[in-house]
$ cat target.pdb   # PDB, C-alpha atoms
ATOM      1  CA  SER A 158     103.011 168.640 -73.668
ATOM      2  CA  TYR A 159     101.371 171.119 -75.975
ATOM      3  CA  GLN A 160     100.147 173.117 -72.967
ATOM      4  CA  ALA A 161     103.618 172.987 -71.380
ATOM      5  CA  GLY A 162     104.914 174.763 -74.470
ATOM      6  CA  LEU A 163     102.169 177.361 -74.253
ATOM      7  CA  ASP A 164     102.831 177.862 -70.549
ATOM      8  CA  ALA A 165     106.528 178.402 -71.329
ATOM      9  CA  GLY A 166     105.531 181.222 -73.676
ATOM     10  CA  ILE A 167     106.235 179.251 -76.847
ATOM     11  CA  ASN A 168     103.917 178.505 -79.733
ATOM     12  CA  PRO A 169     104.123 174.688 -79.805
ATOM     13  CA  LYS A 170     103.781 174.774 -83.586
ATOM     14  CA  LEU A 171     107.290 176.253 -83.604
ATOM     15  CA  PHE A 172     108.539 172.979 -82.094
ATOM     16  CA  LYS A 173     108.002 171.301 -85.471
ATOM     17  CA  GLY A 174     111.258 169.738 -86.626
ATOM     18  CA  SER A 175     113.187 171.069 -83.612
ATOM     19  CA  ARG A 176     115.833 169.236 -81.601
ATOM     20  CA  THR A 177     113.484 168.966 -78.632
ATOM     21  CA  GLY A 178     113.805 165.747 -76.661
ATOM     22  CA  VAL A 179     110.974 163.934 -74.899
ATOM     23  CA  PHE A 180     111.598 162.032 -71.673
ATOM     24  CA  VAL A 181     108.624 160.371 -69.968
ATOM     25  CA  GLY A 182     108.803 158.681 -66.587
ATOM     26  CA  ALA A 183     106.294 155.866 -66.225
ATOM     27  CA  SER A 184     106.503 152.758 -64.116
ATOM     28  CA  THR A 185     103.529 150.427 -64.325
ATOM     29  CA  SER A 186     100.946 150.965 -67.044
ATOM     30  CA  GLU A 187      97.564 150.022 -65.710
ATOM     31  CA  SER A 188      95.899 151.479 -68.805
ATOM     32  CA  GLU A 189      97.897 149.003 -70.901
ATOM     33  CA  VAL A 190      96.505 146.128 -68.837
ATOM     34  CA  VAL A 191      92.934 147.413 -69.078
ATOM     35  CA  TRP A 192      92.927 148.301 -72.769
ATOM     36  CA  CYS A 193      95.171 145.527 -74.106
ATOM     37  CA  TYR A 194      94.084 142.562 -72.011
ATOM     38  CA  GLU A 195      90.695 143.252 -70.437
ATOM     39  CA  ARG A 196      88.804 145.089 -73.202
ATOM     40  CA  ASP A 197      88.541 144.922 -76.959
ATOM     41  CA  ALA A 198      89.063 147.929 -79.226
ATOM     42  CA  PRO A 199      89.221 148.242 -83.006
ATOM     43  CA  GLU A 200      92.324 148.344 -85.198
ATOM     44  CA  GLY A 201      94.870 147.424 -82.522
ATOM     45  CA  LEU A 202      94.786 150.939 -81.080
ATOM     46  CA  PRO A 203      95.320 149.787 -77.488
ATOM     47  CA  LEU A 204      98.830 148.575 -78.325
ATOM     48  CA  SER A 205     100.076 151.846 -79.774
ATOM     49  CA  GLY A 206      98.000 154.008 -77.435
ATOM     50  CA  ASN A 207      98.965 152.367 -74.156
ATOM     51  CA  SER A 208     102.426 150.954 -74.632
ATOM     52  CA  ARG A 209     104.912 152.548 -72.237
ATOM     53  CA  ALA A 210     107.548 152.332 -74.961
ATOM     54  CA  LEU A 211     105.483 154.707 -77.089
ATOM     55  CA  LEU A 212     104.572 157.294 -74.447
ATOM     56  CA  ALA A 213     107.432 159.615 -75.391
ATOM     57  CA  ASN A 214     107.394 158.633 -79.062
ATOM     58  CA  ARG A 215     103.735 159.592 -79.417
ATOM     59  CA  ILE A 216     104.551 163.124 -78.173
ATOM     60  CA  SER A 217     107.539 163.348 -80.521
ATOM     61  CA  PHE A 218     105.343 162.110 -83.370
ATOM     62  CA  SER A 219     102.437 164.452 -82.623
ATOM     63  CA  LEU A 220     104.632 167.564 -82.274
ATOM     64  CA  ASN A 221     107.129 166.425 -84.965
ATOM     65  CA  LEU A 222     110.151 166.603 -82.661
ATOM     66  CA  ASN A 223     113.582 165.313 -83.644
ATOM     67  CA  GLY A 224     115.424 165.077 -80.324
ATOM     68  CA  PRO A 225     115.908 161.954 -78.200
ATOM     69  CA  SER A 226     112.616 160.334 -77.251
ATOM     70  CA  MET A 227     112.301 157.727 -74.531
ATOM     71  CA  ALA A 228     110.200 156.328 -71.744
ATOM     72  CA  VAL A 229     111.971 155.689 -68.458
ATOM     73  CA  ASP A 230     110.903 153.018 -65.990
ATOM     74  CA  ALA A 231     112.809 153.307 -62.721
ATOM     75  CA  ALA A 232     109.886 152.482 -60.426
ATOM     76  CA  CYS A 233     109.180 155.301 -57.952
ATOM     77  CA  SER A 234     111.951 157.478 -59.349
ATOM     78  CA  SER A 235     110.904 157.231 -63.019
ATOM     79  CA  SER A 236     109.976 160.896 -63.414
ATOM     80  CA  LEU A 237     113.085 162.145 -61.629
ATOM     81  CA  MET A 238     115.220 159.845 -63.776
ATOM     82  CA  ALA A 239     113.513 161.281 -66.867
ATOM     83  CA  LEU A 240     114.361 164.773 -65.604
ATOM     84  CA  ASP A 241     117.991 163.766 -65.014
ATOM     85  CA  LEU A 242     118.278 162.268 -68.505
ATOM     86  CA  ALA A 243     116.711 165.362 -70.081
ATOM     87  CA  TYR A 244     119.007 167.700 -68.136
ATOM     88  CA  ASN A 245     122.077 165.752 -69.237
ATOM     89  CA  ALA A 246     120.887 165.491 -72.861
ATOM     90  CA  ILE A 247     120.630 169.285 -73.009
ATOM     91  CA  ALA A 248     124.011 169.709 -71.263
ATOM     92  CA  LEU A 249     125.659 167.300 -73.727
ATOM     93  CA  GLY A 250     124.098 169.035 -76.732
ATOM     94  CA  GLU A 251     121.932 166.062 -77.714
ATOM     95  CA  CYS A 252     118.900 168.355 -77.775
ATOM     96  CA  ASP A 253     118.159 172.066 -77.406
ATOM     97  CA  ALA A 254     115.181 171.667 -75.062
ATOM     98  CA  ALA A 255     113.250 168.790 -73.521
ATOM     99  CA  ILE A 256     109.702 167.922 -72.643
ATOM    100  CA  VAL A 257     109.781 165.994 -69.376
ATOM    101  CA  ALA A 258     106.662 164.173 -68.276
ATOM    102  CA  GLY A 259     105.576 161.808 -65.560
ATOM    103  CA  THR A 260     102.439 159.753 -65.504
ATOM    104  CA  SER A 261     100.633 157.452 -63.123
ATOM    105  CA  VAL A 262      97.015 156.444 -63.563
ATOM    106  CA  ILE A 263      95.482 153.930 -61.158
ATOM    107  CA  LEU A 264      92.845 151.816 -62.859
ATOM    108  CA  ASN A 265      93.235 148.435 -61.245
ATOM    109  CA  ALA A 266      92.655 147.750 -57.545
ATOM    110  CA  MET A 267      94.821 144.628 -57.758
ATOM    111  CA  SER A 268      97.985 146.725 -58.128
ATOM    112  CA  SER A 269      97.243 148.524 -54.874
ATOM    113  CA  LEU A 270      96.475 145.202 -53.193
ATOM    114  CA  HIS A 271      99.827 143.760 -54.299
ATOM    115  CA  PHE A 272     101.696 146.826 -53.017
ATOM    116  CA  PHE A 273      99.805 146.496 -49.720
ATOM    117  CA  ARG A 274     100.741 142.801 -49.449
ATOM    118  CA  LEU A 275     104.402 143.715 -50.009
ATOM    119  CA  GLY A 276     104.127 145.970 -46.952
ATOM    120  CA  ILE A 277     105.189 149.142 -48.724
ATOM    121  CA  ILE A 278     101.909 151.081 -48.546
ATOM    122  CA  SER A 279     101.843 153.508 -45.622
ATOM    123  CA  PRO A 280      99.365 152.314 -42.964
ATOM    124  CA  THR A 281      98.902 155.965 -41.927
ATOM    125  CA  ASP A 282      98.223 157.073 -45.538
ATOM    126  CA  MET A 283     101.001 159.633 -45.241
ATOM    127  CA  CYS A 284     104.057 159.852 -47.447
ATOM    128  CA  ARG A 285     107.010 161.236 -45.495
ATOM    129  CA  PRO A 286     110.149 160.974 -47.624
ATOM    130  CA  PHE A 287     113.434 161.340 -45.703
ATOM    131  CA  ASP A 288     111.514 161.592 -42.409
ATOM    132  CA  GLU A 289     112.165 159.310 -39.447
ATOM    133  CA  LYS A 290     108.376 158.804 -39.224
ATOM    134  CA  ALA A 291     108.238 157.419 -42.787
ATOM    135  CA  ASP A 292     106.273 154.167 -42.840
ATOM    136  CA  GLY A 293     105.686 153.547 -46.534
ATOM    137  CA  TYR A 294     104.301 155.417 -49.464
ATOM    138  CA  THR A 295     100.898 156.310 -50.807
ATOM    139  CA  ARG A 296      99.716 155.718 -54.357
ATOM    140  CA  SER A 297      98.458 158.663 -56.344
ATOM    141  CA  GLU A 298      97.621 159.669 -59.887
ATOM    142  CA  THR A 299      99.152 162.384 -61.980
ATOM    143  CA  ILE A 300     100.051 163.446 -65.446
ATOM    144  CA  CYS A 301     102.601 166.239 -65.269
ATOM    145  CA  THR A 302     104.631 167.845 -68.034
ATOM    146  CA  ILE A 303     107.306 170.537 -68.008
ATOM    147  CA  LEU A 304     109.450 172.115 -70.692
ATOM    148  CA  LEU A 305     113.112 172.166 -69.745
ATOM    149  CA  GLN A 306     115.225 174.775 -71.524
ATOM    150  CA  LYS A 307     118.531 176.539 -71.178
ATOM    151  CA  LYS A 308     118.042 179.697 -69.143
ATOM    152  CA  LYS A 309     119.093 181.930 -72.049
ATOM    153  CA  ASP A 310     116.279 180.460 -74.190
ATOM    154  CA  ALA A 311     113.496 180.564 -71.581
ATOM    155  CA  LYS A 312     110.727 183.125 -71.975
ATOM    156  CA  ARG A 313     109.065 182.151 -68.694
ATOM    157  CA  ASN A 314     111.081 180.717 -65.843
ATOM    158  CA  TYR A 315     109.499 178.985 -62.855
ATOM    159  CA  GLY A 316     112.751 177.637 -61.459
ATOM    160  CA  SER A 317     116.283 176.553 -62.223
ATOM    161  CA  LEU A 318     117.755 173.070 -62.233
ATOM    162  CA  ILE A 319     121.344 173.558 -61.173
ATOM    163  CA  TYR A 320     122.646 170.004 -60.992
ATOM    164  CA  SER A 321     121.447 166.445 -61.243
ATOM    165  CA  LEU A 322     122.886 163.165 -59.957
ATOM    166  CA  VAL A 323     121.505 159.657 -59.614
ATOM    167  CA  ASN A 324     122.504 156.502 -57.786
ATOM    168  CA  CYS A 325     121.012 153.241 -56.558
ATOM    169  CA  ASP A 326     120.854 152.057 -52.989
ATOM    170  CA  GLY A 327     121.742 148.477 -53.959
ATOM    171  CA  TYR A 328     121.202 145.658 -51.475
ATOM    172  CA  LYS A 329     119.168 146.244 -48.320
ATOM    173  CA  PRO A 330     118.333 143.573 -45.735
ATOM    174  CA  GLU A 331     114.751 144.928 -45.669
ATOM    175  CA  GLY A 332     114.306 143.976 -49.346
ATOM    176  CA  ILE A 333     114.380 145.497 -52.806
ATOM    177  CA  HIS A 334     111.210 147.580 -52.293
ATOM    178  CA  PHE A 335     112.644 149.637 -49.445
ATOM    179  CA  HIS A 336     114.878 152.703 -49.729
ATOM    180  CA  LYS A 337     118.131 153.216 -47.905
ATOM    181  CA  GLY A 338     118.286 156.889 -46.972
ATOM    182  CA  ASP A 339     122.008 157.020 -46.192
ATOM    183  CA  ILE A 340     122.834 156.068 -49.796
ATOM    184  CA  HIS A 341     120.612 158.898 -51.050
ATOM    185  CA  MET A 342     122.528 161.269 -48.762
ATOM    186  CA  VAL A 343     125.678 160.374 -50.739
ATOM    187  CA  LEU A 344     124.229 162.341 -53.656
ATOM    188  CA  LEU A 345     123.870 165.435 -51.488
ATOM    189  CA  GLU A 346     127.432 165.031 -50.267
ATOM    190  CA  GLU A 347     128.749 164.620 -53.842
ATOM    191  CA  PHE A 348     127.075 167.872 -54.865
TER     192      PHE A 348
END
$ encode --input "target.pdb" --output "structure tokens"
Amino acid sequence: SYQAGLDAGINPKLFKGSRTGVFVGASTSESEVVWCYERDAPEGLPLSGNSRALLANRISFSLNLNGPSMAVDAACSSSLMALDLAYNAIALGECDAAIVAGTSVILNAMSSLHFFRLGIISPTDMCRPFDEKADGYTRSETICTILLQKKKDAKRNYGSLIYSLVNCDGYKPEGIHFHKGDIHMVLLEEF
């Protein structure tokens, strides 16, 4: 988050006390399982260091930010939901800027095994969203952070977010873990 500020051409120390929101997308927390339930650490640090609820709050605390601060768990779409919430918070005047982050760290082979048993891991190891050849998804790791600002405030601009919408594909005969592409197309049509 600090580096995202630097990359945006801002001294992150100037964030102190600002109305900058923090929105972090995170689904499962394998580090929480490892550090809270499989290993011992002093002073209860695993709870505050690995709790998904505190992912955004720790950034707000460390940079002394006073905007909305929340972790978002919407499974595969957690990071995009965090981006949507940040975009709308800026548009509604709830914050002046937003740090948007997404994180996924794979530490436990059992999670991958369970996803495989559900039949949602791609047997071809290829992720092909919105493609007729799509046959599942692949697991990967990342920690990504961006600073979202109004265009008039941006010193460095890599792109523009013009609009954001979300929906849910509801019931599918294939099961809850599968996406229904035609419902996602509704968002494109609404735009």
$ resolve_selection --input "target.pdb" --expression "the PyMOL selection byres ((chain A and resi 319) around 12)" --output "list in words"
Asp241, Tyr244, Asn245, Ala248, Leu305, Lys307, Lys308, Gly316, Ser317, Leu318, Tyr320, Ser321, Leu322 and Phe348 of chain A
$ resolve_selection --input "target.pdb" --expression "the PyMOL selection byres ((chain A and resi 206-210) around 10)" --output "NGL selection string"
:A and (181-193 or 201-205 or 211-215 or 226-230)
$ closest_residue --input "target.pdb" --among "A:Pro225, A:Thr295, A:Gly327, A:Ala239" --to "A:Gly259" --atoms "only C-alpha atoms"
A:Ala239
$ atom_distance --input "target.pdb" --atom1 "atom CA of A:Met238" --atom2 "atom CA of A:Tyr328"
19.7 Å
$ resolve_selection --input "target.pdb" --expression "the PyMOL selection byres ((chain A and resi 263-271) around 7)" --output "list in words"
Glu187, Ser188, Ser261, Val262, Phe272, Phe273, Arg274, Leu275 and Glu298 of chain A
$ residues_around --input "target.pdb" --residues "A:Lys337" --least-positions-apart "2" --cutoff "9 Å" --atoms "all atoms listed in the file" --output "VMD selection string"
chain A and resid 326 to 329 335 339 to 341
$ decode --input "target.pdb" --residues "stretch 250-271 of chain A" --atoms "C-alpha atoms" --output "PDB file, in the first residue's frame"
ATOM      1  CA  GLY A 250     -18.037  11.286  -1.233  1.00  0.00           C
ATOM      2  CA  GLU A 251     -17.361   8.785   1.558  1.00  0.00           C
ATOM      3  CA  CYS A 252     -13.636   9.095   0.865  1.00  0.00           C
ATOM      4  CA  ASP A 253     -11.337  11.174  -1.337  1.00  0.00           C
ATOM      5  CA  ALA A 254      -9.181   8.274  -2.545  1.00  0.00           C
ATOM      6  CA  ALA A 255      -8.977   4.539  -1.919  1.00  0.00           C
ATOM      7  CA  ILE A 256      -6.353   1.875  -1.572  1.00  0.00           C
ATOM      8  CA  VAL A 257      -7.700  -1.267  -3.218  1.00  0.00           C
ATOM      9  CA  ALA A 258      -5.915  -4.537  -2.606  1.00  0.00           C
ATOM     10  CA  GLY A 259      -6.368  -8.193  -3.365  1.00  0.00           C
ATOM     11  CA  THR A 260      -4.545 -11.054  -1.765  1.00  0.00           C
ATOM     12  CA  SER A 261      -4.293 -14.796  -2.163  1.00  0.00           C
ATOM     13  CA  VAL A 262      -1.509 -16.856  -0.647  1.00  0.00           C
ATOM     14  CA  ILE A 263      -1.596 -20.640  -0.995  1.00  0.00           C
ATOM     15  CA  LEU A 264      -0.026 -22.343   1.998  1.00  0.00           C
ATOM     16  CA  ASN A 265      -2.108 -25.449   2.449  1.00  0.00           C
ATOM     17  CA  ALA A 266      -2.362 -28.248  -0.119  1.00  0.00           C
ATOM     18  CA  MET A 267      -5.669 -29.372   1.395  1.00  0.00           C
ATOM     19  CA  SER A 268      -7.458 -26.295   0.026  1.00  0.00           C
ATOM     20  CA  SER A 269      -6.383 -27.169  -3.504  1.00  0.00           C
ATOM     21  CA  LEU A 270      -7.424 -30.781  -2.945  1.00  0.00           C
ATOM     22  CA  HIS A 271     -10.902 -29.701  -1.812  1.00  0.00           C
TER      23      HIS A 271
END
